[in-house]
$ cat data_30.cif   # mmCIF, C-alpha atoms
data_final
loop_
_atom_site.group_PDB
_atom_site.id
_atom_site.type_symbol
_atom_site.label_atom_id
_atom_site.label_comp_id
_atom_site.auth_asym_id
_atom_site.auth_seq_id
_atom_site.Cartn_x
_atom_site.Cartn_y
_atom_site.Cartn_z
ATOM 1 C CA MET A 29 15.030 -26.558 -8.589
ATOM 2 C CA GLN A 30 15.677 -30.301 -8.634
ATOM 3 C CA LEU A 31 15.697 -31.837 -12.109
ATOM 4 C CA LYS A 32 12.517 -33.834 -12.787
ATOM 5 C CA HIS A 33 11.538 -35.993 -15.759
ATOM 6 C CA PHE A 34 8.106 -37.241 -16.819
ATOM 7 C CA LEU A 35 8.682 -40.683 -18.318
ATOM 8 C CA GLN A 36 5.886 -42.696 -16.698
ATOM 9 C CA PHE A 37 2.640 -41.663 -15.056
ATOM 10 C CA ASN A 38 3.887 -42.849 -11.657
ATOM 11 C CA ASP A 39 6.830 -40.440 -11.819
ATOM 12 C CA PHE A 40 4.490 -37.921 -10.149
ATOM 13 C CA CYS A 41 2.384 -38.267 -6.996
ATOM 14 C CA ARG A 42 -1.255 -37.362 -6.590
ATOM 15 C CA ASP A 43 -0.516 -33.970 -5.033
ATOM 16 C CA GLU A 44 1.520 -33.029 -8.084
ATOM 17 C CA TYR A 45 -1.317 -34.035 -10.412
ATOM 18 C CA GLU A 46 -3.852 -32.105 -8.357
ATOM 19 C CA TYR A 47 -1.618 -29.062 -8.727
ATOM 20 C CA LEU A 48 -1.162 -29.664 -12.464
ATOM 21 C CA PHE A 49 -4.928 -29.955 -13.005
ATOM 22 C CA GLU A 50 -5.491 -26.661 -11.172
ATOM 23 C CA ARG A 51 -2.867 -25.046 -13.382
ATOM 24 C CA THR A 52 -4.469 -26.618 -16.455
ATOM 25 C CA ARG A 53 -7.869 -25.134 -15.598
ATOM 26 C CA TRP A 54 -6.408 -21.651 -15.279
ATOM 27 C CA ILE A 55 -4.145 -21.903 -18.335
ATOM 28 C CA LYS A 56 -7.053 -23.191 -20.448
ATOM 29 C CA GLN A 57 -9.262 -20.368 -19.203
ATOM 30 C CA GLU A 58 -6.650 -17.782 -20.142
ATOM 31 C CA PHE A 59 -6.312 -19.376 -23.586
ATOM 32 C CA LYS A 60 -10.088 -19.277 -24.149
ATOM 33 C CA GLN A 61 -10.180 -15.614 -23.150
ATOM 34 C CA TYR A 62 -7.318 -14.743 -25.526
ATOM 35 C CA ARG A 63 -5.224 -13.481 -22.619
ATOM 36 C CA GLN A 64 -1.480 -13.657 -23.165
ATOM 37 C CA TYR A 65 0.498 -15.695 -20.649
ATOM 38 C CA TRP A 66 4.210 -16.093 -21.394
ATOM 39 C CA PRO A 67 5.934 -17.696 -18.390
ATOM 40 C CA LEU A 68 8.357 -19.561 -20.670
ATOM 41 C CA ASN A 69 9.538 -16.558 -22.622
ATOM 42 C CA ASP A 70 12.973 -17.255 -24.158
ATOM 43 C CA ARG A 71 12.780 -20.984 -23.252
ATOM 44 C CA THR A 72 13.229 -23.667 -25.922
ATOM 45 C CA LEU A 73 11.716 -27.131 -26.276
ATOM 46 C CA ALA A 74 13.375 -29.765 -28.460
ATOM 47 C CA MET A 75 10.900 -32.332 -29.828
ATOM 48 C CA ILE A 76 12.520 -35.587 -30.958
ATOM 49 C CA PHE A 77 10.297 -37.819 -33.080
ATOM 50 C CA ASP A 78 11.067 -41.425 -33.872
ATOM 51 C CA LYS A 79 7.348 -42.106 -34.496
ATOM 52 C CA ASN A 80 4.946 -40.110 -36.631
ATOM 53 C CA SER A 81 2.557 -37.790 -34.856
ATOM 54 C CA THR A 82 -0.292 -35.321 -35.242
ATOM 55 C CA ARG A 83 -1.607 -34.500 -31.758
ATOM 56 C CA THR A 84 1.707 -34.844 -29.911
ATOM 57 C CA ARG A 85 3.624 -32.542 -32.205
ATOM 58 C CA LEU A 86 0.863 -29.971 -32.549
ATOM 59 C CA SER A 87 0.024 -29.835 -28.830
ATOM 60 C CA PHE A 88 3.650 -29.472 -27.714
ATOM 61 C CA GLU A 89 4.672 -27.054 -30.456
ATOM 62 C CA ALA A 90 1.601 -24.848 -30.162
ATOM 63 C CA GLY A 91 1.693 -25.095 -26.381
ATOM 64 C CA MET A 92 5.296 -23.938 -26.116
ATOM 65 C CA HIS A 93 4.560 -21.049 -28.475
ATOM 66 C CA GLN A 94 1.494 -20.036 -26.439
ATOM 67 C CA LEU A 95 3.627 -19.972 -23.286
ATOM 68 C CA GLY A 96 6.044 -17.566 -24.975
ATOM 69 C CA GLY A 97 8.758 -20.088 -25.839
ATOM 70 C CA ALA A 98 9.976 -21.807 -28.979
ATOM 71 C CA ALA A 99 9.833 -25.432 -30.123
ATOM 72 C CA ILE A 100 12.278 -27.189 -32.459
ATOM 73 C CA TYR A 101 11.160 -30.294 -34.367
ATOM 74 C CA LEU A 102 13.805 -33.020 -34.749
ATOM 75 C CA SER A 103 13.099 -36.235 -36.628
ATOM 76 C CA THR A 104 15.493 -39.115 -36.066
ATOM 77 C CA ARG A 105 15.403 -39.619 -39.847
ATOM 78 C CA ASP A 106 16.908 -36.171 -40.346
ATOM 79 C CA THR A 107 19.438 -36.140 -37.487
ATOM 80 C CA GLN A 108 22.531 -38.067 -36.530
ATOM 81 C CA LEU A 109 20.367 -40.257 -34.280
ATOM 82 C CA GLY A 110 19.135 -41.831 -37.496
ATOM 83 C CA ARG A 111 22.736 -42.591 -38.500
ATOM 84 C CA GLY A 112 23.678 -44.410 -35.325
ATOM 85 C CA GLU A 113 24.743 -41.673 -32.922
ATOM 86 C CA PRO A 114 24.421 -43.065 -29.386
ATOM 87 C CA VAL A 115 21.350 -41.830 -27.516
ATOM 88 C CA GLU A 116 23.607 -40.880 -24.610
ATOM 89 C CA ASP A 117 25.752 -38.602 -26.784
ATOM 90 C CA ALA A 118 22.734 -36.952 -28.379
ATOM 91 C CA ALA A 119 21.241 -36.281 -24.943
ATOM 92 C CA ARG A 120 24.448 -34.655 -23.700
ATOM 93 C CA VAL A 121 24.552 -32.302 -26.684
ATOM 94 C CA ILE A 122 20.860 -31.487 -27.117
ATOM 95 C CA SER A 123 20.322 -30.796 -23.418
ATOM 96 C CA ARG A 124 23.102 -28.171 -23.474
ATOM 97 C CA MET A 125 21.245 -26.185 -26.137
ATOM 98 C CA VAL A 126 17.601 -26.250 -24.994
ATOM 99 C CA ASP A 127 15.618 -26.012 -21.748
ATOM 100 C CA LEU A 128 13.298 -28.991 -22.181
ATOM 101 C CA VAL A 129 13.118 -32.130 -24.330
ATOM 102 C CA MET A 130 10.155 -34.210 -25.462
ATOM 103 C CA VAL A 131 10.871 -37.632 -26.982
ATOM 104 C CA ARG A 132 8.409 -39.809 -28.910
ATOM 105 C CA THR A 133 9.981 -43.174 -29.658
ATOM 106 C CA TYR A 134 9.597 -46.960 -29.612
ATOM 107 C CA GLN A 135 11.380 -48.702 -26.748
ATOM 108 C CA HIS A 136 11.010 -47.092 -23.348
ATOM 109 C CA ASP A 137 14.649 -47.867 -22.617
ATOM 110 C CA THR A 138 15.598 -45.281 -25.261
ATOM 111 C CA ILE A 139 13.978 -42.407 -23.408
ATOM 112 C CA LYS A 140 15.324 -43.656 -20.077
ATOM 113 C CA ARG A 141 18.857 -43.575 -21.450
ATOM 114 C CA PHE A 142 18.250 -40.121 -22.870
ATOM 115 C CA ALA A 143 16.955 -38.791 -19.544
ATOM 116 C CA GLU A 144 19.876 -40.309 -17.618
ATOM 117 C CA ASN A 145 22.254 -38.179 -19.703
ATOM 118 C CA SER A 146 20.166 -35.014 -19.992
ATOM 119 C CA ARG A 147 20.812 -31.788 -18.117
ATOM 120 C CA VAL A 148 17.196 -30.657 -18.630
ATOM 121 C CA PRO A 149 13.763 -32.214 -18.001
ATOM 122 C CA VAL A 150 12.670 -34.934 -20.430
ATOM 123 C CA ILE A 151 9.016 -35.690 -21.263
ATOM 124 C CA ASN A 152 7.710 -38.954 -22.661
ATOM 125 C CA GLY A 153 5.629 -38.054 -25.724
ATOM 126 C CA LEU A 154 4.926 -41.789 -26.221
ATOM 127 C CA THR A 155 6.800 -45.065 -26.044
ATOM 128 C CA ASP A 156 5.653 -48.602 -26.737
ATOM 129 C CA GLU A 157 5.177 -49.099 -22.992
ATOM 130 C CA TYR A 158 3.692 -45.811 -21.707
ATOM 131 C CA HIS A 159 1.767 -42.710 -22.795
ATOM 132 C CA PRO A 160 1.580 -40.520 -19.656
ATOM 133 C CA CYS A 161 0.739 -37.221 -21.369
ATOM 134 C CA GLN A 162 -2.368 -38.731 -22.923
ATOM 135 C CA ILE A 163 -3.665 -40.132 -19.636
ATOM 136 C CA MET A 164 -3.079 -36.751 -17.980
ATOM 137 C CA SER A 165 -5.371 -35.263 -20.604
ATOM 138 C CA ASP A 166 -7.919 -38.069 -20.249
ATOM 139 C CA ILE A 167 -8.221 -37.732 -16.488
ATOM 140 C CA PHE A 168 -8.449 -33.953 -16.705
ATOM 141 C CA THR A 169 -11.208 -34.333 -19.298
ATOM 142 C CA TYR A 170 -13.104 -36.724 -17.045
ATOM 143 C CA ILE A 171 -12.809 -34.259 -14.153
ATOM 144 C CA GLU A 172 -14.139 -31.440 -16.365
ATOM 145 C CA TYR A 173 -17.247 -33.486 -17.179
ATOM 146 C CA ARG A 174 -17.887 -35.524 -14.044
ATOM 147 C CA GLY A 175 -15.680 -34.329 -11.190
ATOM 148 C CA SER A 176 -13.261 -36.530 -9.265
ATOM 149 C CA ILE A 177 -12.317 -39.868 -10.815
ATOM 150 C CA GLU A 178 -11.608 -41.398 -7.400
ATOM 151 C CA GLY A 179 -13.750 -44.460 -6.777
ATOM 152 C CA LYS A 180 -14.959 -44.604 -10.391
ATOM 153 C CA THR A 181 -14.691 -47.486 -12.850
ATOM 154 C CA VAL A 182 -12.826 -47.229 -16.154
ATOM 155 C CA ALA A 183 -13.364 -50.012 -18.700
ATOM 156 C CA TRP A 184 -10.399 -50.630 -20.965
ATOM 157 C CA ILE A 185 -11.351 -52.660 -24.055
ATOM 158 C CA GLY A 186 -8.755 -53.922 -26.540
ATOM 159 C CA ASP A 187 -4.990 -54.265 -26.571
ATOM 160 C CA SER A 188 -2.901 -54.121 -23.397
ATOM 161 C CA ASN A 189 -0.761 -51.411 -24.955
ATOM 162 C CA ASN A 190 0.908 -48.247 -23.654
ATOM 163 C CA MET A 191 -2.458 -46.622 -22.977
ATOM 164 C CA CYS A 192 -3.702 -49.559 -20.941
ATOM 165 C CA ASN A 193 -0.441 -49.706 -18.992
ATOM 166 C CA THR A 194 -0.681 -46.031 -18.120
ATOM 167 C CA TRP A 195 -4.346 -46.230 -17.093
ATOM 168 C CA LEU A 196 -3.331 -48.944 -14.628
ATOM 169 C CA GLN A 197 -0.607 -46.752 -13.143
ATOM 170 C CA ALA A 198 -3.075 -43.874 -12.850
ATOM 171 C CA ALA A 199 -5.605 -46.080 -11.050
ATOM 172 C CA GLU A 200 -3.162 -46.670 -8.203
ATOM 173 C CA ILE A 201 -2.455 -42.954 -7.861
ATOM 174 C CA PHE A 202 -6.071 -41.722 -8.068
ATOM 175 C CA ASN A 203 -7.719 -44.720 -6.392
ATOM 176 C CA PHE A 204 -10.114 -45.876 -9.098
ATOM 177 C CA GLN A 205 -10.786 -49.235 -10.740
ATOM 178 C CA VAL A 206 -9.858 -50.380 -14.241
ATOM 179 C CA HIS A 207 -11.751 -53.258 -15.825
ATOM 180 C CA VAL A 208 -9.417 -54.681 -18.462
ATOM 181 C CA SER A 209 -10.675 -56.890 -21.276
ATOM 182 C CA THR A 210 -8.198 -58.086 -23.904
ATOM 183 C CA PRO A 211 -8.215 -61.042 -26.306
ATOM 184 C CA PRO A 212 -6.207 -64.119 -25.297
ATOM 185 C CA GLY A 213 -2.519 -63.522 -25.921
ATOM 186 C CA TYR A 214 -2.764 -59.755 -25.423
ATOM 187 C CA ASP A 215 -2.843 -59.799 -21.622
ATOM 188 C CA ILE A 216 -1.364 -57.169 -19.331
ATOM 189 C CA ASP A 217 1.984 -57.671 -17.650
ATOM 190 C CA PRO A 218 1.626 -56.203 -14.117
ATOM 191 C CA GLU A 219 5.361 -56.535 -13.441
ATOM 192 C CA ARG A 220 6.310 -54.490 -16.512
ATOM 193 C CA ILE A 221 3.802 -51.808 -15.587
ATOM 194 C CA GLY A 222 5.262 -51.550 -12.099
ATOM 195 C CA LEU A 223 2.009 -52.097 -10.200
ATOM 196 C CA ARG A 224 2.195 -52.518 -6.447
ATOM 197 C CA GLY A 225 -0.675 -55.024 -6.410
ATOM 198 C CA ALA A 226 -3.935 -56.076 -8.044
ATOM 199 C CA THR A 227 -6.324 -54.000 -5.959
ATOM 200 C CA HIS A 228 -7.114 -51.427 -8.653
ATOM 201 C CA TYR A 229 -7.887 -53.610 -11.641
ATOM 202 C CA LYS A 230 -9.880 -56.661 -12.663
ATOM 203 C CA ILE A 231 -9.476 -58.852 -15.745
ATOM 204 C CA TYR A 232 -12.482 -59.848 -17.860
ATOM 205 C CA ALA A 233 -12.448 -62.293 -20.767
ATOM 206 C CA ASN A 234 -15.775 -60.889 -21.992
ATOM 207 C CA PRO A 235 -15.597 -57.169 -22.864
ATOM 208 C CA ARG A 236 -19.318 -56.744 -22.185
ATOM 209 C CA GLU A 237 -18.815 -57.812 -18.597
ATOM 210 C CA ALA A 238 -15.948 -55.344 -18.254
ATOM 211 C CA VAL A 239 -18.147 -52.458 -19.416
ATOM 212 C CA MET A 240 -21.064 -53.149 -17.049
ATOM 213 C CA SER A 241 -21.673 -50.168 -14.766
ATOM 214 C CA ALA A 242 -18.498 -48.402 -15.945
ATOM 215 C CA ASP A 243 -18.225 -44.615 -15.592
ATOM 216 C CA LEU A 244 -15.821 -44.355 -18.512
ATOM 217 C CA VAL A 245 -15.254 -46.663 -21.478
ATOM 218 C CA THR A 246 -12.059 -46.266 -23.448
ATOM 219 C CA THR A 247 -10.136 -48.062 -26.158
ATOM 220 C CA ASP A 248 -7.405 -47.597 -28.747
ATOM 221 C CA VAL A 249 -6.512 -48.853 -32.214
ATOM 222 C CA TRP A 250 -6.025 -52.600 -32.429
ATOM 223 C CA THR A 251 -2.640 -52.217 -34.133
ATOM 224 C CA SER A 252 -0.256 -49.684 -32.613
ATOM 225 C CA MET A 253 2.701 -48.195 -34.492
ATOM 226 C CA GLY A 254 5.454 -50.743 -34.882
ATOM 227 C CA PHE A 255 3.077 -53.700 -35.128
ATOM 228 C CA GLU A 256 1.790 -53.115 -38.653
ATOM 229 C CA GLU A 257 2.785 -56.593 -39.824
ATOM 230 C CA GLU A 258 0.186 -57.979 -37.384
ATOM 231 C CA ILE A 259 -2.794 -56.023 -38.764
ATOM 232 C CA GLU A 260 -4.745 -58.903 -40.292
ATOM 233 C CA GLN A 261 -4.103 -61.232 -37.354
ATOM 234 C CA ARG A 262 -5.188 -58.563 -34.909
ATOM 235 C CA LYS A 263 -8.389 -57.841 -36.839
ATOM 236 C CA ASN A 264 -9.351 -61.462 -36.347
ATOM 237 C CA ASP A 265 -8.268 -61.596 -32.716
ATOM 238 C CA PHE A 266 -10.071 -58.376 -31.748
ATOM 239 C CA ALA A 267 -13.264 -58.889 -33.779
ATOM 240 C CA ALA A 268 -15.441 -59.156 -30.637
ATOM 241 C CA PHE A 269 -13.873 -56.092 -28.995
ATOM 242 C CA CYS A 270 -15.460 -53.244 -30.969
ATOM 243 C CA VAL A 271 -17.017 -50.678 -28.628
ATOM 244 C CA ASN A 272 -20.438 -50.249 -30.236
ATOM 245 C CA THR A 273 -23.761 -48.858 -29.040
ATOM 246 C CA GLU A 274 -24.835 -52.233 -27.631
ATOM 247 C CA MET A 275 -21.664 -52.449 -25.547
ATOM 248 C CA MET A 276 -21.924 -48.822 -24.386
ATOM 249 C CA SER A 277 -25.504 -49.429 -23.267
ATOM 250 C CA LEU A 278 -24.153 -51.776 -20.587
ATOM 251 C CA ALA A 279 -22.165 -48.966 -18.960
ATOM 252 C CA LYS A 280 -23.749 -46.346 -16.736
ATOM 253 C CA SER A 281 -26.256 -44.135 -18.507
ATOM 254 C CA ASP A 282 -23.974 -41.115 -18.100
ATOM 255 C CA ALA A 283 -20.752 -42.979 -18.957
ATOM 256 C CA LEU A 284 -18.239 -41.177 -21.138
ATOM 257 C CA PHE A 285 -16.363 -42.637 -24.093
ATOM 258 C CA MET A 286 -12.711 -41.782 -24.791
ATOM 259 C CA HIS A 287 -10.191 -42.655 -27.485
ATOM 260 C CA CYS A 288 -6.700 -41.165 -27.810
ATOM 261 C CA LEU A 289 -7.036 -41.003 -31.636
ATOM 262 C CA PRO A 290 -6.550 -41.568 -34.477
ATOM 263 C CA ALA A 291 -9.567 -43.889 -34.540
ATOM 264 C CA HIS A 292 -10.647 -46.476 -37.073
ATOM 265 C CA ARG A 293 -14.423 -46.225 -37.218
ATOM 266 C CA ASP A 294 -16.180 -49.595 -37.096
ATOM 267 C CA GLU A 295 -13.030 -51.408 -36.024
ATOM 268 C CA GLU A 296 -12.181 -50.712 -32.359
ATOM 269 C CA VAL A 297 -15.153 -48.326 -32.043
ATOM 270 C CA SER A 298 -18.335 -47.879 -34.040
ATOM 271 C CA ALA A 299 -18.978 -44.577 -35.789
ATOM 272 C CA GLU A 300 -22.169 -44.182 -33.715
ATOM 273 C CA VAL A 301 -20.183 -44.259 -30.474
ATOM 274 C CA LEU A 302 -17.198 -42.190 -31.611
ATOM 275 C CA ASP A 303 -19.433 -39.440 -32.987
ATOM 276 C CA GLY A 304 -22.205 -39.938 -30.459
ATOM 277 C CA PRO A 305 -23.347 -37.939 -27.398
ATOM 278 C CA GLN A 306 -21.274 -39.913 -24.877
ATOM 279 C CA SER A 307 -18.030 -39.345 -26.762
ATOM 280 C CA VAL A 308 -15.666 -36.655 -25.460
ATOM 281 C CA VAL A 309 -12.781 -37.470 -27.796
ATOM 282 C CA TRP A 310 -12.484 -33.957 -29.249
ATOM 283 C CA ASP A 311 -12.251 -32.277 -25.837
ATOM 284 C CA GLU A 312 -9.869 -35.063 -24.816
ATOM 285 C CA ALA A 313 -7.656 -34.255 -27.808
ATOM 286 C CA GLU A 314 -7.718 -30.498 -27.154
ATOM 287 C CA ASN A 315 -6.830 -31.009 -23.518
ATOM 288 C CA ARG A 316 -3.483 -32.462 -24.548
ATOM 289 C CA LEU A 317 -2.583 -28.847 -25.336
ATOM 290 C CA HIS A 318 -3.603 -27.454 -21.958
ATOM 291 C CA THR A 319 -2.352 -30.242 -19.660
ATOM 292 C CA GLN A 320 1.021 -30.263 -21.412
ATOM 293 C CA LYS A 321 1.354 -26.508 -21.012
ATOM 294 C CA ALA A 322 0.855 -26.969 -17.282
ATOM 295 C CA LEU A 323 3.369 -29.830 -17.329
ATOM 296 C CA MET A 324 6.057 -27.823 -19.131
ATOM 297 C CA GLU A 325 5.537 -24.853 -16.829
ATOM 298 C CA TYR A 326 5.903 -27.127 -13.779
ATOM 299 C CA LEU A 327 9.022 -28.892 -15.010
ATOM 300 C CA LEU A 328 10.765 -25.598 -15.762
ATOM 301 C CA LEU A 329 9.451 -23.282 -13.039
ATOM 302 C CA GLY A 330 8.155 -25.537 -10.280
ATOM 303 C CA LYS A 331 4.971 -24.664 -8.427
ATOM 304 C CA ILE A 332 3.780 -21.108 -8.910
ATOM 305 C CA ASN A 333 0.804 -19.226 -7.505
ATOM 306 C CA ILE A 334 -0.380 -17.250 -10.539
ATOM 307 C CA GLY A 335 -4.074 -17.932 -11.083
ATOM 308 C CA ILE A 336 -4.421 -20.258 -8.073
#
$ encode --input "data_30.cif" --output "structure tokens"
Amino acid sequence: MQLKHFLQFNDFCRDEYEYLFERTRWIKQEFKQYRQYWPLNDRTLAMIFDKNSTRTRLSFEAGMHQLGGAAIYLSTRDTQLGRGEPVEDAARVISRMVDLVMVRTYQHDTIKRFAENSRVPVINGLTDEYHPCQIMSDIFTYIEYRGSIEGKTVAWIGDSNNMCNTWLQAAEIFNFQVHVSTPPGYDIDPERIGLRGATHYKIYANPREAVMSADLVTTDVWTSMGFEEEIEQRKNDFAAFCVNTEMMSLAKSDALFMHCLPAHRDEEVSAEVLDGPQSVVWDEAENRLHTQKALMEYLLLGKINIGI
């Protein structure tokens, strides 16, 4: 099987995602029925963390265990990577000892360099530029609730961060629209995202206009990891970008709300929306577990027919 990495959402094509979502449905069903499924028996995942994590670590570690394999947690603070060992050297060594590597770090260039020197598949658990595993979970969650996302409208409200970048990549693959509304100075960079054109997104200065008639409204914290020194400035800049009940009322009546978590209630989203009937954030969080199990199975075994 040809070596594949998952570093950006556009590393895979639509057919691959359709397959992965079918696998996710079946794997989740087996999990809910307490039926053992161990396709990755005797396989090992190395998880390298440069950034703190709750959902990423738990979903990958539990997921690998549930597939019959083992997961090893490596913090850069506790390894030679934290003492200046070149990323290239670490990749050459680590990839000789495990079957799969997940990296959660800051600069995307770090994970690219790691993958270029790895003998095994590498998964992006999050970088400053992209968060493909989260958007896989988000789209699968939307499909569970509403069916195909093709032709729908997603409203992104807030910072043009890694989540926003990845939503824009997904829109080109699945043929839906993203309405992006960010404060001045926090605009998207289409060239950095690698978009082929501007046919799948529109920019709105007013977040309320972006939300109108949306099928899905989503946001993220105003201050991502690594930008903590900007907290107070960002609170001022994003003050008009809280997704509250008034803003949600402008979307379609059956619109869903998503947030990758952790959330700051009454900052980027009101408590009424986050804990309200349109919110699917808890299913969205759980689905990280199931979509990533399908992803790991695919990267290690390719396409299989069990359950399909």
$ residues_near_point --input "data_30.cif" --point "(10.5, -36.4, -18.1)" --cutoff "7 Å" --atoms "only C-alpha atoms" --output "ChimeraX atom specification"
/A:32-35,149-152
$ closest_residue --input "data_30.cif" --among "A:Ala291, A:Asp187, A:Glu296, A:Glu260" --to "A:Met275" --atoms "only C-alpha atoms"
A:Glu296
$ atom_distance --input "data_30.cif" --atom1 "atom CA of A:Gly91" --atom2 "atom CA of A:Asn190"
23.3 Å
$ residues_around --input "data_30.cif" --residues "A:Tyr101" --least-positions-apart "6" --cutoff "8 Å" --atoms "all atoms listed in the file" --output "list of chain:residue names"
A:Ala74, A:Met75, A:Ile76, A:Phe77
$ closest_residue --input "data_30.cif" --among "A:Asp106, A:Glu314, A:Asp217, A:Asp282" --to "A:Asn193" --atoms "all atoms listed in the file"
A:Asp217
$ atom_distance --input "data_30.cif" --atom1 "atom CA of A:Ser277" --atom2 "atom CA of A:Val245"
10.8 Å
$ closest_residue --input "data_30.cif" --among "A:Gly112, A:Gly175, A:Gly96, A:Gly186" --to "A:Glu295" --atoms "only C-alpha atoms"
A:Gly186
$ resolve_selection --input "data_30.cif" --expression "the PyMOL selection byres ((chain A and resi 145) around 6)" --output "VMD selection string"
chain A and resid 116 119 to 120 142 to 144 146
$ build_atoms --input "data_30.cif" --residues "stretch 268-284 of chain A" --atoms "N, CA and C atoms" --output "PDB file, in the frame of the given file"
ATOM      1  N   ALA A 268     -14.351 -59.280 -31.618  1.00  0.00           N
ATOM      2  CA  ALA A 268     -15.441 -59.156 -30.637  1.00  0.00           C
ATOM      3  C   ALA A 268     -15.236 -57.985 -29.690  1.00  0.00           C
ATOM      4  N   PHE A 269     -14.232 -57.135 -29.945  1.00  0.00           N
ATOM      5  CA  PHE A 269     -13.873 -56.092 -28.995  1.00  0.00           C
ATOM      6  C   PHE A 269     -14.177 -54.686 -29.504  1.00  0.00           C
ATOM      7  N   CYS A 270     -15.049 -54.564 -30.484  1.00  0.00           N
ATOM      8  CA  CYS A 270     -15.460 -53.244 -30.969  1.00  0.00           C
ATOM      9  C   CYS A 270     -16.412 -52.616 -29.957  1.00  0.00           C
ATOM     10  N   VAL A 271     -16.127 -51.397 -29.539  1.00  0.00           N
ATOM     11  CA  VAL A 271     -17.017 -50.678 -28.628  1.00  0.00           C
ATOM     12  C   VAL A 271     -18.134 -50.067 -29.466  1.00  0.00           C
ATOM     13  N   ASN A 272     -19.294 -50.711 -29.459  1.00  0.00           N
ATOM     14  CA  ASN A 272     -20.438 -50.249 -30.236  1.00  0.00           C
ATOM     15  C   ASN A 272     -21.552 -49.793 -29.295  1.00  0.00           C
ATOM     16  N   THR A 273     -22.675 -49.394 -29.867  1.00  0.00           N
ATOM     17  CA  THR A 273     -23.761 -48.858 -29.040  1.00  0.00           C
ATOM     18  C   THR A 273     -24.308 -49.907 -28.084  1.00  0.00           C
ATOM     19  N   GLU A 274     -24.351 -51.162 -28.512  1.00  0.00           N
ATOM     20  CA  GLU A 274     -24.835 -52.233 -27.631  1.00  0.00           C
ATOM     21  C   GLU A 274     -23.911 -52.386 -26.427  1.00  0.00           C
ATOM     22  N   MET A 275     -22.602 -52.327 -26.654  1.00  0.00           N
ATOM     23  CA  MET A 275     -21.664 -52.449 -25.547  1.00  0.00           C
ATOM     24  C   MET A 275     -21.753 -51.231 -24.627  1.00  0.00           C
ATOM     25  N   MET A 276     -21.835 -50.035 -25.199  1.00  0.00           N
ATOM     26  CA  MET A 276     -21.924 -48.822 -24.386  1.00  0.00           C
ATOM     27  C   MET A 276     -23.192 -48.796 -23.542  1.00  0.00           C
ATOM     28  N   SER A 277     -24.244 -49.430 -24.015  1.00  0.00           N
ATOM     29  CA  SER A 277     -25.504 -49.429 -23.267  1.00  0.00           C
ATOM     30  C   SER A 277     -25.387 -50.189 -21.953  1.00  0.00           C
ATOM     31  N   LEU A 278     -24.359 -51.016 -21.816  1.00  0.00           N
ATOM     32  CA  LEU A 278     -24.153 -51.776 -20.587  1.00  0.00           C
ATOM     33  C   LEU A 278     -23.457 -50.947 -19.518  1.00  0.00           C
ATOM     34  N   ALA A 279     -22.806 -49.861 -19.923  1.00  0.00           N
ATOM     35  CA  ALA A 279     -22.165 -48.966 -18.960  1.00  0.00           C
ATOM     36  C   ALA A 279     -23.228 -48.089 -18.299  1.00  0.00           C
ATOM     37  N   LYS A 280     -22.805 -47.259 -17.369  1.00  0.00           N
ATOM     38  CA  LYS A 280     -23.749 -46.346 -16.736  1.00  0.00           C
ATOM     39  C   LYS A 280     -24.355 -45.419 -17.783  1.00  0.00           C
ATOM     40  N   SER A 281     -25.550 -44.952 -17.517  1.00  0.00           N
ATOM     41  CA  SER A 281     -26.256 -44.135 -18.507  1.00  0.00           C
ATOM     42  C   SER A 281     -25.520 -42.843 -18.829  1.00  0.00           C
ATOM     43  N   ASP A 282     -24.727 -42.348 -17.868  1.00  0.00           N
ATOM     44  CA  ASP A 282     -23.974 -41.115 -18.100  1.00  0.00           C
ATOM     45  C   ASP A 282     -22.491 -41.388 -18.350  1.00  0.00           C
ATOM     46  N   ALA A 283     -22.159 -42.625 -18.705  1.00  0.00           N
ATOM     47  CA  ALA A 283     -20.752 -42.979 -18.957  1.00  0.00           C
ATOM     48  C   ALA A 283     -20.201 -42.196 -20.137  1.00  0.00           C
ATOM     49  N   LEU A 284     -18.931 -41.860 -20.056  1.00  0.00           N
ATOM     50  CA  LEU A 284     -18.239 -41.177 -21.138  1.00  0.00           C
ATOM     51  C   LEU A 284     -17.473 -42.193 -21.976  1.00  0.00           C
TER      52      LEU A 284
END
